[in-house]
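Engineer: I'm passing along start-v2.csv; it holds CSV, C-alpha atoms.
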chain,number,residue,atom,x,y,z
A,1467,MET,CA,-20.8,-12.4,15.6
A,1468,SER,CA,-20.2,-11.1,19.1
A,1469,HIS,CA,-19.8,-7.8,20.9
A,1470,ALA,CA,-18.1,-7.0,24.3
A,1471,TYR,CA,-17.3,-3.9,26.2
A,1472,ILE,CA,-13.5,-3.9,26.0
A,1473,ASN,CA,-11.2,-1.3,27.5
A,1474,GLY,CA,-13.7,1.5,27.2
A,1475,TYR,CA,-15.4,0.7,23.8
A,1476,GLN,CA,-17.8,-1.7,22.2
A,1477,MET,CA,-15.7,-4.2,20.3
A,1478,HIS,CA,-17.1,-6.5,17.6
A,1479,TYR,CA,-15.3,-9.8,17.3
A,1480,GLU,CA,-15.6,-13.3,15.8
A,1481,ASP,CA,-14.5,-16.4,17.9
A,1482,CYS,CA,-14.6,-19.8,16.2
A,1483,GLY,CA,-13.1,-23.2,16.8
A,1484,LYS,CA,-11.2,-24.7,19.7
A,1485,GLY,CA,-7.6,-25.3,20.7
A,1486,THR,CA,-4.6,-23.0,20.3
A,1487,ALA,CA,-5.8,-19.4,19.8
A,1488,VAL,CA,-4.8,-17.2,16.8
A,1489,ILE,CA,-5.8,-13.5,16.8
A,1490,PHE,CA,-5.9,-11.6,13.6
A,1491,ILE,CA,-5.3,-7.9,13.2
A,1492,HIS,CA,-6.3,-5.8,10.2
A,1493,PRO,CA,-4.9,-2.5,8.8
A,1494,PRO,CA,-6.6,0.9,8.7
A,1495,VAL,CA,-10.1,1.1,7.1
A,1496,LEU,CA,-10.3,-2.7,6.4
A,1497,THR,CA,-12.1,-4.8,9.1
A,1498,SER,CA,-12.2,-8.4,10.4
A,1499,ILE,CA,-14.0,-9.4,7.2
A,1500,THR,CA,-10.6,-9.3,5.6
A,1501,PHE,CA,-9.8,-12.6,7.3
A,1502,GLN,CA,-13.0,-14.3,6.2
A,1503,TYR,CA,-11.0,-17.1,4.5
A,1504,GLN,CA,-8.7,-17.6,7.5
A,1505,MET,CA,-11.8,-18.4,9.7
A,1506,LYS,CA,-11.6,-21.9,8.0
A,1507,LEU,CA,-8.6,-22.5,10.2
A,1508,SER,CA,-11.1,-22.9,13.0
A,1509,ALA,CA,-11.2,-26.6,12.0
A,1510,ASP,CA,-7.7,-26.9,13.7
A,1511,PHE,CA,-7.4,-23.8,16.0
A,1512,ARG,CA,-9.4,-21.2,17.9
A,1513,ILE,CA,-9.6,-18.3,15.5
A,1514,ILE,CA,-10.4,-14.8,16.7
A,1515,SER,CA,-10.7,-11.7,14.5
A,1516,PHE,CA,-11.9,-8.3,15.7
A,1517,ASP,CA,-12.7,-4.8,14.4
A,1518,ILE,CA,-10.2,-2.2,15.8
A,1519,ARG,CA,-11.8,0.8,17.5
A,1520,GLY,CA,-13.7,3.0,15.0
A,1521,HIS,CA,-13.7,0.3,12.3
A,1522,GLY,CA,-16.4,-1.9,11.0
A,1523,GLN,CA,-18.9,-2.8,13.6
A,1524,SER,CA,-16.8,-1.7,16.6
A,1525,GLY,CA,-17.6,1.6,18.4
A,1526,PRO,CA,-15.5,4.7,17.9
A,1527,SER,CA,-12.5,5.5,20.2
A,1528,LYS,CA,-12.3,8.6,22.4
A,1529,GLU,CA,-8.6,7.8,22.8
A,1530,GLU,CA,-6.1,8.3,20.0
A,1531,ILE,CA,-5.5,5.0,18.1
A,1532,THR,CA,-2.0,3.7,18.8
A,1533,TYR,CA,-0.4,0.3,18.6
A,1534,PRO,CA,0.0,0.1,22.4
A,1535,LEU,CA,-3.7,0.9,22.7
A,1536,ILE,CA,-4.6,-1.8,20.2
A,1537,ALA,CA,-2.4,-4.2,22.2
A,1538,ARG,CA,-4.2,-3.3,25.4
A,1539,ASP,CA,-7.5,-4.0,23.7
A,1540,ILE,CA,-6.2,-7.4,22.5
A,1541,ARG,CA,-5.0,-8.3,26.0
A,1542,GLN,CA,-8.4,-7.4,27.5
A,1543,LEU,CA,-10.2,-9.4,24.8
A,1544,MET,CA,-8.0,-12.4,25.7
A,1545,ASP,CA,-9.0,-11.9,29.3
A,1546,HIS,CA,-12.6,-11.7,28.3
A,1547,LEU,CA,-12.3,-15.0,26.3
A,1548,LYS,CA,-10.2,-16.6,29.0
A,1549,ILE,CA,-7.2,-17.0,26.7
A,1550,GLU,CA,-3.9,-17.0,28.5
A,1551,LYS,CA,-1.6,-17.0,25.4
A,1552,ALA,CA,-2.2,-16.7,21.7
A,1553,PHE,CA,-0.4,-16.4,18.3
A,1554,LEU,CA,-0.8,-12.9,16.9
A,1555,CYS,CA,-1.3,-12.6,13.2
A,1556,GLY,CA,-1.3,-9.2,11.5
A,1557,TYR,CA,-1.7,-8.0,7.9
A,1558,SER,CA,0.1,-5.0,6.5
A,1559,THR,CA,0.2,-2.4,9.3
A,1560,GLY,CA,-1.5,-5.0,11.4
A,1561,GLY,CA,1.9,-6.9,11.2
A,1562,ALA,CA,3.5,-3.9,13.0
A,1563,VAL,CA,0.9,-4.2,15.7
A,1564,VAL,CA,2.0,-7.9,16.1
A,1565,LEU,CA,5.6,-6.8,16.5
A,1566,ASP,CA,4.6,-4.2,19.1
A,1567,PHE,CA,2.6,-6.8,21.0
A,1568,LEU,CA,5.5,-9.3,21.0
A,1569,LEU,CA,7.8,-6.6,22.4
A,1570,ASN,CA,5.4,-5.3,25.1
A,1571,CYS,CA,3.3,-8.3,26.0
A,1572,PRO,CA,5.7,-11.3,25.6
A,1573,ASP,CA,4.0,-13.2,28.4
A,1574,ARG,CA,0.7,-13.3,26.5
A,1575,ALA,CA,2.2,-14.4,23.1
A,1576,LEU,CA,3.0,-17.8,21.7
A,1577,GLY,CA,4.5,-16.3,18.6
A,1578,GLY,CA,3.7,-14.0,15.7
A,1579,ILE,CA,2.7,-14.1,12.0
A,1580,VAL,CA,3.4,-11.0,10.0
A,1581,ILE,CA,1.7,-10.8,6.6
A,1582,GLY,CA,3.2,-8.1,4.4
A,1583,GLY,CA,4.2,-6.1,7.4
A,1584,MET,CA,7.0,-3.8,8.5
A,1585,SER,CA,8.9,-2.6,11.6
A,1586,GLU,CA,9.1,1.0,10.2
A,1587,VAL,CA,8.2,2.9,7.1
A,1588,ASN,CA,11.4,4.1,5.5
A,1589,ASP,CA,10.7,4.4,1.8
A,1590,LYS,CA,9.0,7.3,-0.1
A,1591,LYS,CA,6.5,5.2,-2.0
A,1592,LEU,CA,5.0,3.5,1.1
A,1593,ARG,CA,5.1,6.8,3.1
A,1594,ASN,CA,3.1,8.5,0.3
A,1595,LYS,CA,0.6,5.7,0.2
A,1596,ILE,CA,-0.1,5.8,4.0
A,1597,SER,CA,-0.1,9.6,3.9
A,1598,ARG,CA,-2.7,9.6,1.2
A,1599,GLY,CA,-5.0,7.4,3.4
A,1600,ARG,CA,-4.4,9.8,6.3
A,1601,PHE,CA,-5.2,12.8,4.2
A,1602,LEU,CA,-8.4,11.4,2.7
A,1603,SER,CA,-9.5,10.4,6.2
A,1604,ARG,CA,-8.7,13.9,7.6
A,1605,ILE,CA,-10.9,15.6,4.9
A,1606,GLY,CA,-13.8,13.2,5.3
A,1607,ALA,CA,-13.2,11.3,2.1
A,1608,VAL,CA,-12.5,8.0,3.8
A,1609,GLY,CA,-15.1,6.4,1.6
A,1610,ILE,CA,-12.7,6.7,-1.3
A,1611,VAL,CA,-10.1,4.7,0.7
A,1612,ALA,CA,-12.8,2.1,1.6
A,1613,LEU,CA,-13.8,1.7,-2.0
A,1614,SER,CA,-10.3,1.3,-3.5
A,1615,THR,CA,-9.0,-0.9,-0.7
A,1616,ALA,CA,-12.0,-3.2,-0.7
A,1617,TRP,CA,-11.8,-3.5,-4.5
A,1618,GLY,CA,-8.1,-4.3,-4.3
A,1619,GLN,CA,-8.7,-7.1,-1.8
A,1620,ALA,CA,-11.8,-8.6,-3.4
A,1621,LYS,CA,-11.8,-8.2,-7.2
A,1622,PRO,CA,-13.2,-9.9,-9.2
A,1623,LYS,CA,-15.5,-11.5,-6.5
A,1624,LEU,CA,-18.3,-9.0,-6.4
A,1625,SER,CA,-20.3,-10.4,-3.4
A,1626,PHE,CA,-17.1,-10.4,-1.3
A,1627,PHE,CA,-16.3,-6.9,-2.5
A,1628,ARG,CA,-19.7,-5.7,-1.4
A,1629,SER,CA,-19.2,-7.2,2.1
A,1630,LEU,CA,-15.8,-5.7,2.5
A,1631,PHE,CA,-16.8,-2.3,1.2
A,1632,ASN,CA,-20.0,-2.0,3.2
A,1633,ASP,CA,-18.0,-2.8,6.4
A,1634,ALA,CA,-15.0,-0.6,5.5
A,1635,LYS,CA,-17.1,2.5,4.8
A,1636,LYS,CA,-18.5,2.4,8.4
A,1637,VAL,CA,-15.0,3.5,9.6
A,1638,ASN,CA,-14.8,6.5,11.9
A,1639,ALA,CA,-12.7,9.0,9.8
A,1640,LYS,CA,-10.8,10.4,12.8
A,1641,ASN,CA,-9.9,7.0,14.1
A,1642,ALA,CA,-8.7,5.9,10.7
A,1643,GLU,CA,-6.6,9.0,10.4
A,1644,GLN,CA,-5.0,8.2,13.8
A,1645,TYR,CA,-4.2,4.7,12.8
A,1646,TYR,CA,-2.6,5.8,9.6
A,1647,GLN,CA,-0.7,8.5,11.5
A,1648,TYR,CA,0.7,6.1,14.1
A,1649,SER,CA,1.7,3.6,11.4
A,1650,LEU,CA,3.6,6.3,9.5
A,1651,HIS,CA,5.9,7.2,12.3
A,1652,TYR,CA,6.2,3.8,14.2
A,1653,ASN,CA,9.7,2.3,14.3
A,1654,CYS,CA,10.6,-0.7,16.4
A,1655,THR,CA,13.5,-1.9,14.2
A,1656,ALA,CA,16.2,-1.3,16.9
A,1657,GLN,CA,14.2,-3.5,19.3
A,1658,LEU,CA,13.6,-6.5,17.0
A,1659,GLY,CA,16.4,-8.5,18.6
A,1660,ASN,CA,14.4,-8.5,21.9
A,1661,ILE,CA,11.6,-10.6,20.3
A,1662,LEU,CA,12.4,-14.1,21.3
A,1663,GLN,CA,9.1,-15.8,20.2
A,1664,PRO,CA,9.0,-17.5,16.8
A,1665,VAL,CA,7.8,-15.3,14.0
A,1666,LEU,CA,6.5,-16.4,10.6
A,1667,LEU,CA,7.0,-13.7,7.8
A,1668,VAL,CA,4.8,-14.1,4.8
A,1669,TYR,CA,5.1,-11.8,1.7
A,1670,GLY,CA,3.9,-11.8,-1.9
A,1671,GLU,CA,6.5,-12.5,-4.5
A,1672,LYS,CA,5.1,-9.7,-6.6
A,1673,ASP,CA,4.8,-7.3,-3.7
A,1674,THR,CA,8.3,-5.9,-4.4
A,1675,LEU,CA,7.6,-2.7,-2.4
A,1676,PHE,CA,7.7,-4.8,0.8
A,1677,HIS,CA,10.6,-7.1,0.0
A,1678,THR,CA,13.1,-4.7,1.8
A,1679,TYR,CA,11.0,-4.9,4.9
A,1680,ALA,CA,10.7,-8.7,4.7
A,1681,LYS,CA,14.5,-9.1,4.5
A,1682,LEU,CA,15.0,-6.5,7.3
A,1683,LEU,CA,12.7,-8.5,9.6
A,1684,LYS,CA,14.4,-11.8,8.7
A,1685,GLU,CA,17.8,-10.4,9.5
A,1686,ARG,CA,16.8,-8.8,12.8
A,1687,LEU,CA,14.4,-11.3,14.4
A,1688,PRO,CA,16.2,-14.0,16.3
A,1689,LYS,CA,13.7,-16.8,15.5
A,1690,SER,CA,12.0,-16.1,12.2
A,1691,GLU,CA,11.1,-17.9,9.0
A,1692,LEU,CA,10.5,-16.0,5.7
A,1693,VAL,CA,8.2,-17.3,3.0
A,1694,PHE,CA,7.4,-15.6,-0.3
A,1695,ILE,CA,4.1,-16.7,-2.0
A,1696,LYS,CA,4.6,-17.0,-5.8
A,1697,ASN,CA,2.5,-14.9,-8.2
A,1698,THR,CA,1.0,-12.9,-5.3
A,1699,LYS,CA,1.0,-9.2,-4.5
A,1700,HIS,CA,0.2,-7.6,-1.2
A,1701,GLN,CA,-3.4,-8.9,-0.7
A,1702,ILE,CA,-2.4,-12.3,0.6
A,1703,PRO,CA,-5.3,-13.0,3.0
A,1704,THR,CA,-7.9,-12.7,0.3
A,1705,LYS,CA,-5.9,-13.5,-2.9
A,1706,ALA,CA,-3.8,-16.5,-1.6
A,1707,PRO,CA,-5.8,-17.8,1.3
A,1708,GLY,CA,-5.1,-21.5,0.7
A,1709,PHE,CA,-1.3,-21.0,0.7
A,1710,LEU,CA,-1.5,-18.7,3.7
A,1711,ASN,CA,-3.7,-21.0,5.7
A,1712,GLU,CA,-1.4,-23.9,5.1
A,1713,LEU,CA,1.7,-21.9,6.1
A,1714,ILE,CA,0.0,-20.8,9.3
A,1715,LYS,CA,-1.1,-24.4,10.1
A,1716,GLN,CA,2.5,-25.7,9.5
A,1717,PHE,CA,4.0,-22.9,11.5
A,1718,ILE,CA,1.8,-23.4,14.6
A,1719,HIS,CA,2.3,-27.2,14.5
A,1720,HIS,CA,6.1,-26.7,14.1
A,1721,CYS,CA,6.0,-24.5,17.3
A,1722,GLY,CA,4.5,-27.5,19.1
A,1723,HIS,CA,0.9,-26.4,19.2
As structure tokens, please, write out the structure in this file.

Structural biologist:
Amino acid sequence: MSHAYINGYQMHYEDCGKGTAVIFIHPPVLTSITFQYQMKLSADFRIISFDIRGHGQSGPSKEEITYPLIARDIRQLMDHLKIEKAFLCGYSTGGAVVLDFLLNCPDRALGGIVIGGMSEVNDKKLRNKISRGRFLSRIGAVGIVALSTAWGQAKPKLSFFRSLFNDAKKVNAKNAEQYYQYSLHYNCTAQLGNILQPVLLVYGEKDTLFHTYAKLLKERLPKSELVFIKNTKHQIPTKAPGFLNELIKQFIHHCGH
């Protein structure tokens, strides 16, 4: 557990292992604890996870939360840790942050791993889901989001649920609302052809809501590999960690690292 003053705020991060760096990015309300099982990859790589501004144990943000702002924070964290280049791994909307980073900071990226992510939100069901999180954050009921999200990730493991929930409920409601808001309107689909780094796309076989996004990314990204994990919904980092970790390991080795 470490803290550093990064780009104007106090960032909480974890840094374990040695070798090729992999940086994990979480969605709104959840925190770096979401990647607890991926920290086991530190036996092979240098694994870094961090709490986005206003989330978990990181300080709140005076600036509005946007993907470019998160990317700047990641770059400065890399500078702080003396990491020249890294693989970026994002879950859900964190996957969209990965795409934004690959587009705007290609010189700092070895490649990307998108777990249940998207380049835009173009269907009503997902828009409604994100809008609900934004609305509950706006009215100060972000604890409801923290509870339902943590339970969805951790059930039936009660001790893990408590850790996730206790961290998630610390979220700054305004910053969560901003993260949801930016996610709702972000769209980089037209630029995907400009991403020349290798990208691993990982989706749950039962996460049918995201299958359209998976196929869209596979079609538009020049160097991508798409894998569906059987009998799995959206919560891949916590519900299928063994499969995910092995896929990440194979992907990075295949990239020559």

Engineer: So that I can check the surroundings of stretch 1688-1698 of chain A, please list as a ChimeraX atom specification every protein, DNA and RNA residue that reaches within 12 Å of it, counting all atoms listed in the file and ignoring chain neighbours fewer than 5 positions away.

Structural biologist: /A:1577-1583,1619,1657-1674,1676-1677,1679-1683,1703-1714,1716-1717,1720-1721

Engineer: Work out how far apart atom CA of A:His1492 and atom CA of A:Ala1562 are and give it in Å to one decimal.

Structural biologist: 10.4 Å

Engineer: Can you tell me how far atom CA of A:Glu1480 sits from atom CA of A:Lys1640, in Å to one decimal?

Structural biologist: 24.4 Å

Engineer: Report the distance between atom CA of A:Cys1555 and atom CA of A:Asn1473 in Å, rounded to one decimal place.

Structural biologist: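 Answer for the atom CA of A:Cys1555 to atom CA of A:Asn1473 separation: 20.7 Å.
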
Engineer: Which residues come within 7 Å of stretch 1520-1529 of chain A, counting all atoms listed in the file, excluding same-chain residues fewer than 5 positions away, as a list in words?

Structural biologist: Tyr1475, Gln1476, Met1477, His1478, Val1495, Thr1497, Asp1633, Ala1634, Lys1636, Val1637, Asn1638 and Asn1641 of chain A

Engineer: Dump C-alpha atoms for the selected residues as a PDB file, in the frame of the given file?

Structural biologist:
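So the final result, stored in part12.pdb, reads:
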ATOM      1  CA  TYR A1475     -15.400   0.700  23.800  1.00  0.00           C
ATOM      2  CA  GLN A1476     -17.800  -1.700  22.200  1.00  0.00           C
ATOM      3  CA  MET A1477     -15.700  -4.200  20.300  1.00  0.00           C
ATOM      4  CA  HIS A1478     -17.100  -6.500  17.600  1.00  0.00           C
ATOM      5  CA  VAL A1495     -10.100   1.100   7.100  1.00  0.00           C
ATOM      6  CA  THR A1497     -12.100  -4.800   9.100  1.00  0.00           C
ATOM      7  CA  ASP A1633     -18.000  -2.800   6.400  1.00  0.00           C
ATOM      8  CA  ALA A1634     -15.000  -0.600   5.500  1.00  0.00           C
ATOM      9  CA  LYS A1636     -18.500   2.400   8.400  1.00  0.00           C
ATOM     10  CA  VAL A1637     -15.000   3.500   9.600  1.00  0.00           C
ATOM     11  CA  ASN A1638     -14.800   6.500  11.900  1.00  0.00           C
ATOM     12  CA  ASN A1641      -9.900   7.000  14.100  1.00  0.00           C
TER      13      ASN A1641
END

Engineer: Nearest to A:Ile1596 among A:Leu1554, A:Val1488, A:Leu1565, A:Leu1650, with distances taken over only C-alpha atoms: which residue is it?

Structural biologist: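 Among the listed residues, A:Leu1650 lies closest to A:Ile1596.
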
Engineer: Counting all atoms listed in the file, which residues have an atom no more than 10 Å from (1.7, -3.3, 21.0) in the file's coordinates? Please list them as a VMD selection string.

Structural biologist: chain A and resid 1532 to 1541 1562 to 1571

Engineer: Just want the 6 Å neighbourhood of stretch 1642-1645 of chain A, counted on only C-alpha atoms, with same-chain residues fewer than 5 positions away dropped. Output as an MDAnalysis selection string.

Structural biologist: chainID A and resid 1494 1531 1600 1603

Engineer: Please determine, counting all atoms listed in the file, which residue among A:Ile1514, A:Leu1675, A:Ala1552, A:Met1544 has the shortest atom-to-atom distance to A:Arg1593.

Structural biologist: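 Under the stated criterion, the closest residue is A:Leu1675.
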
Engineer: With only C-alpha atoms as the basis for distance, which of A:Ile1499, A:Thr1486, A:Asp1589, A:His1469 is at the shortest distance from A:Phe1511?

Structural biologist: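 Under the stated criterion, the closest residue is A:Thr1486.
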